[in-house]
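Text of protein_28.csv (CSV, C-alpha atoms) as supplied:
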chain,number,residue,atom,x,y,z
A,1,MET,CA,-1.1,15.5,64.2
A,2,SER,CA,1.9,13.8,65.9
A,3,LYS,CA,5.3,14.3,64.5
A,4,HIS,CA,7.1,11.1,63.5
A,5,HIS,CA,10.8,11.1,62.8
A,6,ASP,CA,11.9,9.2,59.7
A,7,PRO,CA,15.5,8.1,60.0
A,8,TYR,CA,15.7,7.8,56.1
A,9,PHE,CA,14.4,11.3,55.4
A,10,ILE,CA,16.6,14.3,55.9
A,11,PRO,CA,14.8,17.6,55.3
A,12,LEU,CA,16.6,20.3,53.4
A,13,GLU,CA,17.0,23.8,54.6
A,14,THR,CA,14.5,26.2,53.0
A,15,GLU,CA,17.1,28.8,52.4
A,16,LYS,CA,19.4,26.5,50.5
A,17,THR,CA,19.2,26.4,46.7
A,18,LEU,CA,19.6,23.3,44.7
A,19,ASP,CA,22.4,23.2,42.2
A,20,THR,CA,22.3,21.2,39.0
A,21,PRO,CA,24.9,18.4,39.0
A,22,ASP,CA,27.9,18.8,36.8
A,23,SER,CA,27.2,15.6,34.9
A,24,ILE,CA,23.9,17.1,33.7
A,25,SER,CA,24.7,20.8,33.2
A,26,GLY,CA,28.1,20.5,31.6
A,27,GLY,CA,28.2,17.0,30.2
A,28,PHE,CA,26.7,17.9,26.8
A,29,GLN,CA,28.9,21.0,26.3
A,30,GLU,CA,31.9,19.1,24.9
A,31,PRO,CA,33.0,20.5,21.5
A,32,LEU,CA,32.2,18.3,18.5
A,33,LEU,CA,35.2,16.9,16.8
A,34,THR,CA,34.7,18.3,13.3
A,35,GLY,CA,37.0,19.4,10.5
A,36,PRO,CA,37.2,19.7,6.7
A,37,GLU,CA,38.5,16.1,6.5
A,38,LEU,CA,35.2,14.8,8.0
A,39,ALA,CA,32.8,17.0,6.1
A,40,THR,CA,30.1,15.3,4.1
A,41,LYS,CA,31.0,15.1,0.4
A,42,PRO,CA,28.0,15.4,-1.8
A,43,LEU,CA,27.7,12.9,-4.7
A,44,ARG,CA,27.2,15.6,-7.4
A,45,PHE,CA,28.1,13.6,-10.4
A,46,LEU,CA,26.5,10.3,-9.5
A,47,GLY,CA,23.4,10.9,-11.6
A,48,LYS,CA,25.4,12.1,-14.6
A,49,ALA,CA,27.7,9.1,-14.3
A,50,PHE,CA,24.8,6.7,-14.2
A,51,SER,CA,23.2,8.3,-17.2
A,52,GLY,CA,26.5,8.2,-19.1
A,53,LEU,CA,26.9,4.6,-18.3
A,54,LEU,CA,23.4,3.8,-19.4
A,55,ILE,CA,24.0,5.6,-22.7
A,56,LEU,CA,27.3,3.7,-23.2
A,57,VAL,CA,25.6,0.3,-22.6
A,58,LEU,CA,22.9,1.3,-25.1
A,59,VAL,CA,25.4,2.3,-27.8
A,60,LEU,CA,27.3,-1.0,-27.3
A,61,VAL,CA,24.1,-3.0,-27.6
A,62,LEU,CA,23.2,-1.3,-30.8
A,63,TRP,CA,26.7,-1.6,-32.2
A,64,LYS,CA,26.9,-5.3,-31.5
A,65,THR,CA,23.4,-5.8,-32.8
A,66,ALA,CA,24.3,-4.1,-36.1
A,67,GLU,CA,27.5,-6.2,-36.3
A,68,LEU,CA,25.5,-9.4,-35.8
A,69,GLY,CA,22.9,-8.4,-38.4
A,70,LEU,CA,25.7,-7.7,-40.9
A,71,PHE,CA,27.4,-11.0,-40.2
A,72,LEU,CA,24.2,-12.9,-40.7
A,73,TYR,CA,23.6,-11.1,-44.0
A,74,GLN,CA,27.0,-12.1,-45.2
A,75,LEU,CA,26.1,-15.7,-44.4
A,76,HIS,CA,22.7,-15.7,-46.0
A,77,TRP,CA,20.0,-13.1,-46.6
A,78,SER,CA,17.4,-15.4,-45.0
A,79,LEU,CA,19.3,-15.4,-41.7
A,80,ALA,CA,19.4,-11.6,-41.7
A,81,TRP,CA,15.7,-11.4,-42.4
A,82,LEU,CA,14.9,-13.8,-39.6
A,83,PHE,CA,17.1,-11.8,-37.2
A,84,SER,CA,15.4,-8.6,-38.3
A,85,ALA,CA,12.0,-10.1,-37.6
A,86,LEU,CA,13.0,-11.2,-34.1
A,87,LEU,CA,14.5,-7.8,-33.4
A,88,LEU,CA,11.2,-6.1,-34.5
A,89,VAL,CA,9.1,-8.3,-32.3
A,90,LEU,CA,11.4,-7.6,-29.3
A,91,THR,CA,11.2,-3.9,-30.0
A,92,VAL,CA,7.4,-4.0,-30.1
A,93,ILE,CA,7.3,-5.9,-26.8
A,94,VAL,CA,9.6,-3.4,-25.1
A,95,GLY,CA,7.7,-0.5,-26.5
A,96,LYS,CA,4.4,-1.9,-25.4
A,97,ALA,CA,5.8,-2.5,-21.9
A,98,VAL,CA,7.0,1.1,-21.6
A,99,ALA,CA,3.7,2.5,-22.9
A,100,GLU,CA,1.7,0.4,-20.4
A,101,PHE,CA,4.0,1.5,-17.6
A,102,PHE,CA,3.1,5.2,-18.3
A,103,LEU,CA,-0.5,4.3,-18.9
A,104,TYR,CA,-0.9,2.6,-15.5
A,105,GLN,CA,0.9,5.5,-13.8
A,106,ARG,CA,-1.7,7.8,-15.4
A,107,ASP,CA,-4.5,5.8,-13.8
A,108,PHE,CA,-3.1,6.5,-10.3
A,109,SER,CA,-2.4,10.1,-11.2
A,110,SER,CA,-6.0,10.5,-12.2
A,111,ILE,CA,-7.2,8.9,-9.0
A,112,ALA,CA,-5.0,11.1,-6.9
A,113,ASP,CA,-6.3,14.2,-8.8
A,114,LEU,CA,-9.9,13.1,-8.2
A,115,GLN,CA,-9.3,12.6,-4.5
A,116,GLU,CA,-7.7,16.0,-4.1
A,117,GLN,CA,-10.6,17.7,-5.9
A,118,ALA,CA,-13.2,15.7,-3.9
A,119,THR,CA,-11.5,16.6,-0.6
A,120,GLN,CA,-11.6,20.3,-1.4
A,121,CYS,CA,-15.2,20.4,-2.5
A,122,ARG,CA,-16.7,17.8,-0.1
A,123,ASP,CA,-18.4,20.5,2.0
A,124,GLN,CA,-19.2,23.0,-0.7
A,125,ARG,CA,-22.6,23.9,-2.0
A,126,ALA,CA,-21.4,24.9,-5.4
A,127,THR,CA,-21.5,22.9,-8.6
A,128,THR,CA,-17.9,23.0,-9.8
A,129,LEU,CA,-17.4,19.2,-9.8
A,130,LYS,CA,-20.2,18.4,-12.3
A,131,THR,CA,-18.1,19.3,-15.3
A,132,GLN,CA,-14.4,18.5,-15.1
A,133,TRP,CA,-14.4,16.1,-12.1
A,134,LEU,CA,-17.4,14.0,-13.3
A,135,SER,CA,-15.9,13.9,-16.9
A,136,GLN,CA,-12.6,12.7,-15.4
A,137,LEU,CA,-14.4,10.0,-13.4
A,138,ASN,CA,-16.3,8.8,-16.5
A,139,LYS,CA,-13.0,8.7,-18.4
A,140,LEU,CA,-11.4,6.6,-15.7
A,141,TYR,CA,-14.1,3.9,-15.8
A,142,HIS,CA,-14.8,4.1,-19.6
A,143,GLY,CA,-14.8,0.6,-21.1
A,144,LYS,CA,-14.5,-1.1,-17.7
A,145,PRO,CA,-17.1,-3.2,-15.9
A,146,GLN,CA,-17.6,-0.4,-13.4
A,147,GLN,CA,-18.9,1.9,-16.1
A,148,VAL,CA,-22.4,0.3,-16.1
A,149,MET,CA,-22.6,0.7,-12.3
A,150,LEU,CA,-21.5,4.3,-12.5
A,151,GLU,CA,-24.1,5.1,-15.2
A,152,GLN,CA,-26.8,3.6,-13.1
A,153,ALA,CA,-25.8,5.7,-10.1
A,154,LEU,CA,-25.7,8.8,-12.2
A,155,ALA,CA,-29.1,8.1,-13.8
A,156,VAL,CA,-30.9,8.2,-10.4
A,157,MET,CA,-28.9,11.3,-9.1
A,158,PRO,CA,-31.1,14.4,-8.9
A,159,ASP,CA,-30.2,17.2,-11.4
A,160,TYR,CA,-30.2,19.9,-8.7
A,161,SER,CA,-27.5,18.2,-6.7
A,162,ASP,CA,-24.5,20.3,-5.6
A,163,ASP,CA,-21.0,19.1,-5.1
A,164,ARG,CA,-21.6,17.8,-1.6
A,165,GLU,CA,-24.8,16.0,-2.5
A,166,MET,CA,-23.3,14.5,-5.7
A,167,LEU,CA,-20.3,13.1,-3.8
A,168,SER,CA,-22.6,11.7,-1.1
A,169,HIS,CA,-24.8,10.2,-3.8
A,170,LEU,CA,-21.9,8.5,-5.6
A,171,ASP,CA,-20.5,7.3,-2.4
A,172,ALA,CA,-23.7,5.7,-1.3
A,173,HIS,CA,-24.9,4.3,-4.7
A,174,PHE,CA,-21.6,3.4,-6.3
A,175,PHE,CA,-18.4,3.4,-4.2
A,176,GLN,CA,-19.8,1.6,-1.2
A,177,LYS,CA,-20.7,-1.3,-3.4
A,178,LEU,CA,-17.1,-1.5,-4.5
A,179,ASP,CA,-16.0,-1.1,-0.9
A,180,GLN,CA,-18.0,-4.2,0.2
A,181,GLN,CA,-16.4,-6.3,-2.5
A,182,ALA,CA,-12.9,-5.0,-1.6
A,183,HIS,CA,-13.6,-5.6,2.1
A,184,THR,CA,-14.7,-9.1,1.5
A,185,ARG,CA,-11.6,-9.9,-0.5
A,186,ILE,CA,-9.3,-8.4,2.2
A,187,SER,CA,-11.0,-10.5,4.8
A,188,GLN,CA,-10.6,-13.7,2.8
A,189,HIS,CA,-6.9,-13.0,1.9
A,190,SER,CA,-5.9,-12.0,5.4
A,191,GLN,CA,-7.5,-15.1,6.9
A,192,GLN,CA,-5.7,-17.3,4.4
A,193,VAL,CA,-2.4,-15.5,5.1
A,194,ALA,CA,-2.9,-16.0,8.9
A,195,LEU,CA,-3.7,-19.7,8.4
A,196,MET,CA,-0.7,-20.4,6.1
A,197,VAL,CA,1.7,-18.6,8.5
A,198,ALA,CA,0.2,-20.5,11.5
A,199,LEU,CA,0.7,-23.8,9.8
A,200,SER,CA,4.2,-23.0,8.4
A,201,PRO,CA,7.2,-23.7,10.7
A,202,PHE,CA,9.7,-21.7,8.6
A,203,ALA,CA,10.0,-17.9,8.8
A,204,ALA,CA,11.2,-17.6,5.2
A,205,VAL,CA,8.2,-19.4,3.9
A,206,ASP,CA,6.0,-17.2,6.0
A,207,MET,CA,7.5,-14.1,4.3
A,208,LEU,CA,7.0,-15.5,0.8
A,209,LEU,CA,3.5,-16.7,1.5
A,210,ALA,CA,2.5,-13.3,3.0
A,211,ALA,CA,4.0,-11.4,0.1
A,212,TRP,CA,2.4,-13.6,-2.5
A,213,ARG,CA,-1.1,-13.3,-1.0
A,214,SER,CA,-0.7,-9.6,-0.5
A,215,VAL,CA,0.2,-9.1,-4.2
A,216,ARG,CA,-2.8,-11.2,-5.2
A,217,MET,CA,-5.0,-9.1,-2.8
A,218,LEU,CA,-3.8,-5.8,-4.3
A,219,ASP,CA,-4.5,-7.1,-7.8
A,220,GLU,CA,-8.1,-7.8,-6.9
A,221,ILE,CA,-8.5,-4.5,-5.2
A,222,CYS,CA,-7.1,-2.7,-8.3
A,223,GLN,CA,-9.6,-4.6,-10.4
A,224,ILE,CA,-12.5,-3.7,-8.1
A,225,TYR,CA,-11.7,0.0,-8.3
A,226,GLY,CA,-11.0,0.0,-12.0
A,227,VAL,CA,-7.2,0.0,-12.1
A,228,ARG,CA,-5.6,-2.6,-14.4
A,229,PRO,CA,-3.4,-4.9,-12.4
A,230,SER,CA,0.2,-5.1,-13.7
A,231,LEU,CA,3.7,-5.0,-12.5
A,232,PRO,CA,3.9,-1.2,-12.6
A,233,ALA,CA,0.6,-0.9,-10.8
A,234,ARG,CA,1.7,-3.3,-8.1
A,235,SER,CA,5.0,-1.6,-7.6
A,236,HIS,CA,3.5,1.9,-7.5
A,237,LEU,CA,0.7,0.8,-5.1
A,238,LEU,CA,3.1,-1.0,-2.8
A,239,ARG,CA,5.4,2.0,-2.7
A,240,LEU,CA,2.6,4.3,-1.8
A,241,ILE,CA,1.3,1.9,0.9
A,242,LEU,CA,4.7,1.4,2.5
A,243,GLU,CA,5.2,5.2,2.5
A,244,GLN,CA,1.9,5.8,4.2
A,245,MET,CA,2.3,3.0,6.7
A,246,THR,CA,5.8,4.3,7.6
A,247,LEU,CA,4.5,7.8,8.1
A,248,ALA,CA,1.6,6.5,10.2
A,249,GLY,CA,3.9,4.6,12.5
A,250,ALA,CA,3.6,1.2,14.1
A,251,THR,CA,1.1,2.3,16.7
A,252,GLU,CA,-1.6,2.6,14.1
A,253,LEU,CA,-1.4,-1.1,13.5
A,254,LEU,CA,-2.9,-1.7,17.0
A,255,SER,CA,-5.7,0.9,16.7
A,256,ASP,CA,-9.4,0.5,16.0
A,257,GLN,CA,-10.1,-1.4,19.3
A,258,LEU,CA,-7.7,-4.2,18.4
A,259,ALA,CA,-6.0,-4.3,21.8
A,260,ASP,CA,-9.4,-4.8,23.5
A,261,PHE,CA,-9.7,-8.4,22.5
A,262,THR,CA,-6.1,-9.4,21.5
A,263,SER,CA,-4.8,-8.9,25.1
A,264,ASN,CA,-7.4,-11.3,26.5
A,265,ARG,CA,-8.1,-13.8,23.7
A,266,LEU,CA,-4.8,-14.1,22.0
A,267,LEU,CA,-3.2,-15.5,25.1
A,268,GLY,CA,-5.6,-18.5,24.9
A,269,VAL,CA,-4.7,-19.5,21.3
A,270,VAL,CA,-3.0,-22.8,20.7
A,271,SER,CA,0.6,-21.6,20.3
A,272,SER,CA,3.0,-18.8,19.5
A,273,GLN,CA,3.0,-19.8,15.9
A,274,VAL,CA,-0.7,-19.1,15.7
A,275,ALA,CA,-0.1,-15.7,17.3
A,276,SER,CA,2.4,-15.0,14.6
A,277,GLY,CA,-0.2,-16.0,12.0
A,278,VAL,CA,-2.7,-13.6,13.6
A,279,GLY,CA,-0.1,-10.8,13.5
A,280,VAL,CA,0.8,-11.3,9.9
A,281,GLY,CA,-2.8,-11.6,8.9
A,282,ILE,CA,-3.6,-8.3,10.6
A,283,TYR,CA,-0.7,-6.6,8.8
A,284,SER,CA,-1.9,-8.0,5.5
A,285,ALA,CA,-5.4,-6.6,6.2
A,286,ARG,CA,-3.9,-3.2,7.0
A,287,ILE,CA,-2.1,-3.3,3.6
A,288,GLY,CA,-5.5,-4.1,1.9
A,289,LEU,CA,-7.2,-1.2,3.6
A,290,ARG,CA,-4.5,1.1,2.5
A,291,GLY,CA,-4.9,-0.1,-1.0
A,292,MET,CA,-8.6,0.6,-0.8
A,293,ALA,CA,-7.9,4.2,0.3
A,294,LEU,CA,-5.4,4.7,-2.5
A,295,CYS,CA,-7.6,3.3,-5.3
A,296,ARG,CA,-10.8,5.0,-4.3
A,297,PRO,CA,-11.5,8.2,-6.2
A,298,ILE,CA,-13.6,9.7,-3.3
A,299,PRO,CA,-11.6,9.6,0.0
A,300,PHE,CA,-13.3,8.0,3.0
A,301,ALA,CA,-14.9,10.4,5.4
A,302,ASP,CA,-13.6,10.5,9.0
A,303,ASP,CA,-16.5,8.5,10.3
A,304,GLN,CA,-16.5,6.1,7.3
A,305,LYS,CA,-13.0,4.8,7.3
A,306,PRO,CA,-13.0,1.0,7.5
A,307,GLY,CA,-11.3,-0.3,10.7
A,308,ILE,CA,-9.0,-3.2,11.3
A,309,GLY,CA,-11.0,-4.4,14.4
A,310,ARG,CA,-13.6,-6.4,12.6
A,311,LEU,CA,-11.1,-7.9,10.2
A,312,ALA,CA,-8.8,-8.9,13.1
A,313,LYS,CA,-11.7,-10.6,14.9
A,314,ASN,CA,-12.6,-12.5,11.8
A,315,ILE,CA,-9.0,-13.7,11.5
A,316,LEU,CA,-8.8,-14.8,15.1
A,317,SER,CA,-12.2,-16.5,14.9
A,318,SER,CA,-11.3,-18.4,11.7
A,319,LEU,CA,-8.0,-19.7,13.3
A,320,GLU,CA,-9.8,-20.7,16.5
A,321,ASP,CA,-12.5,-22.6,14.5
A,322,ARG,CA,-9.8,-24.3,12.3
A,323,PHE,CA,-7.8,-25.6,15.3
A,324,GLN,CA,-11.0,-26.5,17.2
A,325,ARG,CA,-12.0,-28.7,14.3
A,326,THR,CA,-8.5,-30.2,14.3
A,327,ARG,CA,-8.7,-31.0,18.0
A,328,ASP,CA,-12.2,-32.5,17.6
A,329,SER,CA,-11.1,-34.7,14.7
A,330,ARG,CA,-8.1,-35.9,16.7
A,331,THR,CA,-10.3,-36.6,19.7
A,332,ALA,CA,-12.7,-38.6,17.6
A,333,ALA,CA,-9.9,-40.6,16.0
A,334,GLU,CA,-8.5,-41.5,19.4

For this file, produce the structure as structure tokens.
Amino acid sequence: MSKHHDPYFIPLETEKTLDTPDSISGGFQEPLLTGPELATKPLRFLGKAFSGLLILVLVLVLWKTAELGLFLYQLHWSLAWLFSALLLVLTVIVGKAVAEFFLYQRDFSSIADLQEQATQCRDQRATTLKTQWLSQLNKLYHGKPQQVMLEQALAVMPDYSDDREMLSHLDAHFFQKLDQQAHTRISQHSQQVALMVALSPFAAVDMLLAAWRSVRMLDEICQIYGVRPSLPARSHLLRLILEQMTLAGATELLSDQLADFTSNRLLGVVSSQVASGVGVGIYSARIGLRGMALCRPIPFADDQKPGIGRLAKNILSSLEDRFQRTRDSRTAAE
């Protein structure tokens, strides 16, 4: 091999050791400017102050209410009676709202408990779930439309089934039917969200439309899995979904073979507005899938989790079909 001299390459001596530059070795050794004046002050009394303020407001409201009732009674007893009736109705409405809030919270607590027990006993050959777990499942669906489907699934389940076989049987004969309904609803809502965002030229309108359709989608998912849709249920479910999606990270939104076709086909869509519609539709579909996982008493198996890939393809195909029909109609008009 012939030696070729490179004028831009200067070999180092083998005996010479490399020293770390000062900017790297000593640059991060500067002392931090700290002191008692800059120490973090904990807000110890913030909770107590808020509770005290709430109690004070409540006392003032009761005081003014009593004064108003006494004033109306001095005018005429009928006015005091009417005021008392209105106050009683308002108290009943507020009490019912508070009771419903804790009732709907109990539904999610029951589902979380069922999921935890099912996860622990999924691979066991014992029969520990046939008593408490099955009774809790029946209580969850008691008086709801899902009760008939659950009773039909339990009627054909063999008596000798252990925990693993029972969960597999219920998954195949009961929950997969609910999954199909929920998946269809998610597909419809995500396509509608993508279309509305693609047609809307305003970002604020896009946000409102996406939020509105997502709330409607979560209501229907709750109904499918036997959770009564309400404001407490929506807020609780949205909070859990946002927590899970934040922990999962943004990279999960592009999983399930989504990049295989978006990198090639999305570039050929009509405009960037349509691309935004596809992105918002995919995000809405991801919210729906999270809602399914949180409302399902038996968690999805690793090989059974619904992916976003097929939903994303349906979203993109529906937008392409819509704009293709629009182009065809314009061509025919011309």

Give me the residues of range 46-123 of chain A that have any atom at most 12 Å from an atom of range 166-179 of chain A; for each, the nearest atom pair and the distance in Å, rounded to one decimal. Use all atoms listed in the file, sort by chain and number, and format it as a tab-separated table.
residue	atom	partner	partner_atom	distance
A:Leu114	CA	A:Leu167	CA	11.3
A:Gln115	CA	A:Leu167	CA	11.0
A:Gln117	CA	A:Leu167	CA	10.9
A:Ala118	CA	A:Leu167	CA	7.6
A:Thr119	CA	A:Leu167	CA	10.0
A:Gln120	CA	A:Leu167	CA	11.5
A:Cys121	CA	A:Leu167	CA	9.0
A:Arg122	CA	A:Leu167	CA	7.0
A:Asp123	CA	A:Leu167	CA	9.6

Write a file of the just-selected residues containing C-alpha atoms, as a PDB file, in the frame of the given file.
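The resulting file, selection-v6.pdb, is shown below:
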ATOM      1  CA  LEU A 114      -9.900  13.100  -8.200  1.00  0.00           C
ATOM      2  CA  GLN A 115      -9.300  12.600  -4.500  1.00  0.00           C
ATOM      3  CA  GLN A 117     -10.600  17.700  -5.900  1.00  0.00           C
ATOM      4  CA  ALA A 118     -13.200  15.700  -3.900  1.00  0.00           C
ATOM      5  CA  THR A 119     -11.500  16.600  -0.600  1.00  0.00           C
ATOM      6  CA  GLN A 120     -11.600  20.300  -1.400  1.00  0.00           C
ATOM      7  CA  CYS A 121     -15.200  20.400  -2.500  1.00  0.00           C
ATOM      8  CA  ARG A 122     -16.700  17.800  -0.100  1.00  0.00           C
ATOM      9  CA  ASP A 123     -18.400  20.500   2.000  1.00  0.00           C
TER      10      ASP A 123
END

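Across the structure, CA of Glu220 in chain A and CA of Met292 in chain A are spaced 10.4 Å apart.
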
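Across the model, the gap from CA of Val193 in chain A to CA of Ala210 in chain A is 5.8 Å.
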
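Using only C-alpha atoms, the smallest distance between any of A:His183, A:Arg164, A:Arg296, A:Arg213 and Arg310 in chain A comes from A:His183.
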
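One distance worth recording is that between CA of Asp162 in chain A and CA of Leu294 in chain A, which is 24.9 Å.
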